[in-house]
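First the structure, in the form of structure tokens, and then the observations on it.
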Amino acid sequence: MNRVSELMRRAVETGVFPGAVLLVSRFDEIVFHEAFGVTDHVSSRPVKKDTVYDLASLTKPLATAPALMDLVDKGRISTEDRLGDIISEFAGSDKADIRICHLLRHTAGLPDYRAYYRELVKFPRQKRKSRLRKMLADEPLLCSPGSVTLYSDPGYMILDWVVEKVSGTGLDRYLSKCVYEPLEIRDLFFTPDAGGKKAGRVFAPTEALDGGELLWACVHDENARAAGGVCGHAGLFGTAEGVFHLLKDLLLTVSGRSDSAVFFRSVAEKFLEVAEGKDRAMGFDTVSSVDSSSGSYFTPGCTVGHLGFTGTSFWMDLSSGVAVILLSNRICPDRQNLKIRFFRPELHDAVMEQMLGKNN
């Protein structure tokens, strides 16, 4: 992995990110796990392998989707259930016929993004989540459910609501009790300010606020932050090893090699299936045919992954068992830094050439 290490060091030197953690695994074995650079240019604190990053949109596949997998496992919900039958606020609306699978695959017809936080911050903190949900219920559809794939944060905000409605508890609590704790995963969590999760941990800051202070141990996404830090689209924090342990269990489950009792194989396969004619799996992105951030070597049709706005990503090849987890804070201190777009495919190609003996 000498070339891989050199690429990571060069990325730090050229400002792709101030620092990062890279973990490469194959099935249940960690092959490479190293830290590079610093957490930020103010403290110049070295990144460690257990540095905690704001995972941003990795919340979707690593929190919201697993919570729904578990609810499906337990027979408490189906991916074909209608939104109007689950949440009364959607009954009789243009969103009543949206199915859970539509929301998971980003085919519900909802917009990609809305700056709800601008309205939410006008309300007391304890009233913001209910206000957000009213705004979601009132959000008009852009197209009919199932007709178009349009990546949507609001769709996953609604899935957070679905999990709470069906389970009777918040997404963070349900996920911790029913998924993370049974898998003994302690390094994936929401709201670092709560439960003493700052103690003894090193966090990588994200963007600088208006006064120049770096945002630290608080979710970067404005909508999630305004709503209290727990949302279906963003809010999860974690380490590379924490991400690995969850992905490992999913991979071993779909390959029939897991002895955990968390997910049924049939349900995990359904969520991770890259169905013909679909641009996304349920909760996961897939390899695009042109200019994929995964590079050239991940297997089309059986690779899942996701990107996070803060500079995080993972790709997992279900056939070869190779997973590449990259956690960085490329937006520290400025979200306009887009160098990671060109770096990711180069890194992934270098990793796969080493792991699978691939050549250009």
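By order in the structure tokens, chains are A, B, ...; within a chain, residues start at 1; ligands start at 1, following the order shown.
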Hey, could you make a per-residue contact list for range 268-329 of chain A against range 250-256 of chain A with 10 Å as the cut-off, showing the nearest pair of atoms and its distance in Å to one decimal, counting only C-alpha atoms, sorted by chain and number, as a tab-separated table?
```
residue	atom	partner	partner_atom	distance
A:Ala268	CA	A:Val254	CA	6.2
A:Glu269	CA	A:Val254	CA	5.6
A:Lys270	CA	A:Val254	CA	9.4
A:Leu272	CA	A:Val254	CA	8.4
A:Glu273	CA	A:Val254	CA	9.8
A:Met316	CA	A:Leu251	CA	8.3
A:Asp317	CA	A:Leu251	CA	8.8
A:Leu318	CA	A:Leu251	CA	6.5
A:Ser319	CA	A:Ser255	CA	8.7
A:Gly321	CA	A:Leu251	CA	7.2
A:Val322	CA	A:Leu251	CA	9.5
A:Ala323	CA	A:Leu251	CA	9.3
```
Produce a table with one row for each residue of range 260-346 of chain A that has an atom at most 12 Å from any atom of range 3-22 of chain A, each row naming the nearest atom pair and its distance in Å at one decimal; use only C-alpha atoms; arrange rows by chain and rising residue number; format as a tab-separated table.
```
residue	atom	partner	partner_atom	distance
A:Thr310	CA	A:Phe17	CA	10.0
A:Gly311	CA	A:Phe17	CA	8.0
A:Thr312	CA	A:Ala20	CA	9.0
A:Ser313	CA	A:Leu22	CA	9.9
A:Phe314	CA	A:Leu22	CA	9.8
A:Trp315	CA	A:Leu22	CA	12.0
A:Ala323	CA	A:Leu22	CA	10.6
A:Val324	CA	A:Leu22	CA	7.4
A:Ile325	CA	A:Leu22	CA	5.8
A:Leu326	CA	A:Leu22	CA	4.7
A:Leu327	CA	A:Val21	CA	5.3
A:Ser328	CA	A:Ala20	CA	4.3
A:Asn329	CA	A:Phe17	CA	6.1
A:Arg330	CA	A:Phe17	CA	4.2
A:Ile331	CA	A:Phe17	CA	7.5
A:Cys332	CA	A:Pro18	CA	7.2
A:Pro333	CA	A:Pro18	CA	9.0
A:Asp334	CA	A:Phe17	CA	10.2
A:Arg335	CA	A:Phe17	CA	10.8
A:Gln336	CA	A:Val16	CA	11.1
A:Asn337	CA	A:Val16	CA	7.4
A:Leu338	CA	A:Val16	CA	7.6
A:Lys339	CA	A:Val16	CA	5.2
A:Ile340	CA	A:Val16	CA	5.5
A:Arg341	CA	A:Val16	CA	9.1
A:Phe342	CA	A:Val16	CA	9.2
A:Phe343	CA	A:Val16	CA	7.6
A:Arg344	CA	A:Val16	CA	10.0
A:Pro345	CA	A:Leu7	CA	11.5
A:Glu346	CA	A:Leu7	CA	8.5
```
Can I get the selected residues back with C-alpha atoms, as a compact mmCIF listing (two decimals), in the first residue's frame?
```txt
# COMPACT_ATOMS: atom_id res chain seq x y z
CA THR A 310 -18.02 16.91 4.78
CA GLY A 311 -15.53 14.71 2.91
CA THR A 312 -16.53 11.22 3.96
CA SER A 313 -17.23 8.19 1.79
CA PHE A 314 -17.28 4.43 1.52
CA TRP A 315 -17.53 1.95 -1.32
CA ALA A 323 -14.49 -1.97 1.21
CA VAL A 324 -12.76 1.42 1.16
CA ILE A 325 -13.68 3.90 3.89
CA LEU A 326 -12.35 7.45 3.66
CA LEU A 327 -13.14 9.91 6.45
CA SER A 328 -11.96 13.48 6.05
CA ASN A 329 -13.08 17.04 6.75
CA ARG A 330 -12.38 18.55 3.34
CA ILE A 331 -14.68 21.51 4.21
CA CYS A 332 -12.38 22.64 7.04
CA PRO A 333 -12.30 25.56 7.02
CA ASP A 334 -14.13 26.26 3.73
CA ARG A 335 -16.84 24.27 1.95
CA GLN A 336 -15.70 25.64 -1.42
CA ASN A 337 -12.79 23.17 -1.43
CA LEU A 338 -13.77 20.65 -4.13
CA LYS A 339 -10.40 18.96 -4.74
CA ILE A 340 -11.71 15.69 -3.27
CA ARG A 341 -13.84 15.14 -6.39
CA PHE A 342 -10.71 14.41 -8.41
CA PHE A 343 -8.88 12.65 -5.60
CA ARG A 344 -11.45 9.99 -4.73
CA PRO A 345 -11.39 8.00 -8.01
CA GLU A 346 -7.59 8.13 -8.11
```
Taking the chain letters and numbering used in this document, name the residues of range 39-257 of chain A that DSSP puts in alpha helix (DSSP H), as an MDAnalysis selection string.
chainID A and resid 59 65:73 83:86 100:105 117:120 125:138 153:167 171:175 222:226 240:254
Proximity to Lys95 in chain A - best of A:Gly308, A:Gly232, A:Pro61, A:Gly109, only C-alpha atoms
A:Gly109
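For Pro182 in chain A, the residues within 12 Å (counting only C-alpha atoms, excluding itself and residues fewer than 2 positions away along the chain) are Asp70, Tyr174, Leu175, Ser176, Lys177, Cys178, Val179, Tyr180, Glu184, Ile185, Arg186, His245, Leu246, Asp249, Asp259, Ser260, Ala261, Val262 and Phe263 of chain A.
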Interatomic distance, CA of Val121 in chain A to CA of Lys197 in chain A (Å, one decimal)
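So the answer is 25.1 Å.
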Just list the residues in range 119-342 of chain A DSSP gives strand (DSSP E or B) on the backbone, as a PyMOL selection string.
chain A and resi 188-189+203+208+214+237-238+280+285-286+303-308+312-317+322-328
Can you write just those residues out, N, CA and C atoms, as a PDB file, in the first residue's frame?
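So the final result, stored in selection_34.pdb, reads:
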```pdb
ATOM      1  N   LEU A 188     -20.197   4.821  16.476  1.00  0.00           N
ATOM      2  CA  LEU A 188     -21.158   5.488  15.599  1.00  0.00           C
ATOM      3  C   LEU A 188     -22.238   6.048  16.505  1.00  0.00           C
ATOM      4  N   PHE A 189     -22.505   7.347  16.415  1.00  0.00           N
ATOM      5  CA  PHE A 189     -23.470   7.955  17.331  1.00  0.00           C
ATOM      6  C   PHE A 189     -23.916   9.323  16.824  1.00  0.00           C
ATOM      7  N   PHE A 203     -12.154  14.934  17.904  1.00  0.00           N
ATOM      8  CA  PHE A 203     -13.072  15.235  16.807  1.00  0.00           C
ATOM      9  C   PHE A 203     -12.364  16.085  15.764  1.00  0.00           C
ATOM     10  N   ALA A 208     -15.610  26.678   9.299  1.00  0.00           N
ATOM     11  CA  ALA A 208     -15.498  27.819  10.198  1.00  0.00           C
ATOM     12  C   ALA A 208     -16.817  28.592  10.196  1.00  0.00           C
ATOM     13  N   LEU A 214     -14.129  27.341  14.566  1.00  0.00           N
ATOM     14  CA  LEU A 214     -14.408  26.093  13.872  1.00  0.00           C
ATOM     15  C   LEU A 214     -15.553  25.343  14.542  1.00  0.00           C
ATOM     16  N   PHE A 237     -22.078  10.779  13.665  1.00  0.00           N
ATOM     17  CA  PHE A 237     -20.634  10.926  13.826  1.00  0.00           C
ATOM     18  C   PHE A 237     -20.017   9.538  13.977  1.00  0.00           C
ATOM     19  N   GLY A 238     -18.739   9.411  13.659  1.00  0.00           N
ATOM     20  CA  GLY A 238     -18.129   8.109  13.864  1.00  0.00           C
ATOM     21  C   GLY A 238     -16.681   8.044  13.435  1.00  0.00           C
ATOM     22  N   ARG A 280     -30.172   3.516  -7.696  1.00  0.00           N
ATOM     23  CA  ARG A 280     -29.716   3.400  -6.316  1.00  0.00           C
ATOM     24  C   ARG A 280     -30.286   2.146  -5.667  1.00  0.00           C
ATOM     25  N   ASP A 285     -25.909   4.379  -2.491  1.00  0.00           N
ATOM     26  CA  ASP A 285     -25.604   4.770  -3.853  1.00  0.00           C
ATOM     27  C   ASP A 285     -25.003   3.573  -4.576  1.00  0.00           C
ATOM     28  N   THR A 286     -24.932   3.663  -5.886  1.00  0.00           N
ATOM     29  CA  THR A 286     -24.340   2.596  -6.692  1.00  0.00           C
ATOM     30  C   THR A 286     -23.323   3.203  -7.654  1.00  0.00           C
ATOM     31  N   THR A 303     -21.958  -3.270  -6.265  1.00  0.00           N
ATOM     32  CA  THR A 303     -21.196  -2.360  -5.416  1.00  0.00           C
ATOM     33  C   THR A 303     -22.132  -1.307  -4.859  1.00  0.00           C
ATOM     34  N   VAL A 304     -22.016  -1.058  -3.555  1.00  0.00           N
ATOM     35  CA  VAL A 304     -22.810  -0.005  -2.923  1.00  0.00           C
ATOM     36  C   VAL A 304     -21.874   0.928  -2.172  1.00  0.00           C
ATOM     37  N   GLY A 305     -22.328   2.132  -1.945  1.00  0.00           N
ATOM     38  CA  GLY A 305     -21.525   3.098  -1.223  1.00  0.00           C
ATOM     39  C   GLY A 305     -22.290   4.374  -0.989  1.00  0.00           C
ATOM     40  N   HIS A 306     -21.572   5.423  -0.611  1.00  0.00           N
ATOM     41  CA  HIS A 306     -22.194   6.732  -0.418  1.00  0.00           C
ATOM     42  C   HIS A 306     -21.104   7.759  -0.183  1.00  0.00           C
ATOM     43  N   LEU A 307     -21.436   9.009  -0.484  1.00  0.00           N
ATOM     44  CA  LEU A 307     -20.559  10.135  -0.211  1.00  0.00           C
ATOM     45  C   LEU A 307     -21.202  11.016   0.851  1.00  0.00           C
ATOM     46  N   GLY A 308     -20.350  11.721   1.611  1.00  0.00           N
ATOM     47  CA  GLY A 308     -20.821  12.696   2.582  1.00  0.00           C
ATOM     48  C   GLY A 308     -20.232  14.057   2.264  1.00  0.00           C
ATOM     49  N   THR A 312     -16.522  12.629   3.570  1.00  0.00           N
ATOM     50  CA  THR A 312     -16.532  11.220   3.959  1.00  0.00           C
ATOM     51  C   THR A 312     -17.074  10.365   2.819  1.00  0.00           C
ATOM     52  N   SER A 313     -16.712   9.096   2.813  1.00  0.00           N
ATOM     53  CA  SER A 313     -17.233   8.191   1.786  1.00  0.00           C
ATOM     54  C   SER A 313     -16.910   6.757   2.141  1.00  0.00           C
ATOM     55  N   PHE A 314     -17.648   5.842   1.523  1.00  0.00           N
ATOM     56  CA  PHE A 314     -17.276   4.431   1.521  1.00  0.00           C
ATOM     57  C   PHE A 314     -17.798   3.800   0.246  1.00  0.00           C
ATOM     58  N   TRP A 315     -17.080   2.808  -0.232  1.00  0.00           N
ATOM     59  CA  TRP A 315     -17.533   1.950  -1.324  1.00  0.00           C
ATOM     60  C   TRP A 315     -17.266   0.511  -0.920  1.00  0.00           C
ATOM     61  N   MET A 316     -18.217  -0.361  -1.188  1.00  0.00           N
ATOM     62  CA  MET A 316     -18.109  -1.764  -0.791  1.00  0.00           C
ATOM     63  C   MET A 316     -18.534  -2.652  -1.955  1.00  0.00           C
ATOM     64  N   ASP A 317     -17.603  -3.484  -2.400  1.00  0.00           N
ATOM     65  CA  ASP A 317     -17.841  -4.406  -3.508  1.00  0.00           C
ATOM     66  C   ASP A 317     -18.328  -5.723  -2.924  1.00  0.00           C
ATOM     67  N   VAL A 322     -14.212  -6.254  -0.935  1.00  0.00           N
ATOM     68  CA  VAL A 322     -13.350  -5.107  -0.629  1.00  0.00           C
ATOM     69  C   VAL A 322     -14.212  -3.895  -0.270  1.00  0.00           C
ATOM     70  N   ALA A 323     -13.850  -3.224   0.815  1.00  0.00           N
ATOM     71  CA  ALA A 323     -14.493  -1.972   1.209  1.00  0.00           C
ATOM     72  C   ALA A 323     -13.412  -0.926   1.422  1.00  0.00           C
ATOM     73  N   VAL A 324     -13.676   0.296   0.969  1.00  0.00           N
ATOM     74  CA  VAL A 324     -12.759   1.420   1.156  1.00  0.00           C
ATOM     75  C   VAL A 324     -13.514   2.529   1.872  1.00  0.00           C
ATOM     76  N   ILE A 325     -13.048   2.884   3.055  1.00  0.00           N
ATOM     77  CA  ILE A 325     -13.680   3.899   3.887  1.00  0.00           C
ATOM     78  C   ILE A 325     -12.720   5.079   4.013  1.00  0.00           C
ATOM     79  N   LEU A 326     -13.156   6.238   3.566  1.00  0.00           N
ATOM     80  CA  LEU A 326     -12.350   7.450   3.655  1.00  0.00           C
ATOM     81  C   LEU A 326     -13.105   8.482   4.476  1.00  0.00           C
ATOM     82  N   LEU A 327     -12.547   8.871   5.619  1.00  0.00           N
ATOM     83  CA  LEU A 327     -13.145   9.907   6.447  1.00  0.00           C
ATOM     84  C   LEU A 327     -12.218  11.109   6.452  1.00  0.00           C
ATOM     85  N   SER A 328     -12.734  12.251   6.041  1.00  0.00           N
ATOM     86  CA  SER A 328     -11.960  13.484   6.048  1.00  0.00           C
ATOM     87  C   SER A 328     -12.888  14.652   6.374  1.00  0.00           C
TER      88      SER A 328
END
```
At a cut-off of 9 Å, using only C-alpha atoms, what residues contact range 128-132 of chain A? Leave out same-chain residues fewer than 4 positions from it and give the result as a PyMOL selection string.
chain A and resi 116-117+119-124+136-137+157+223+226-228
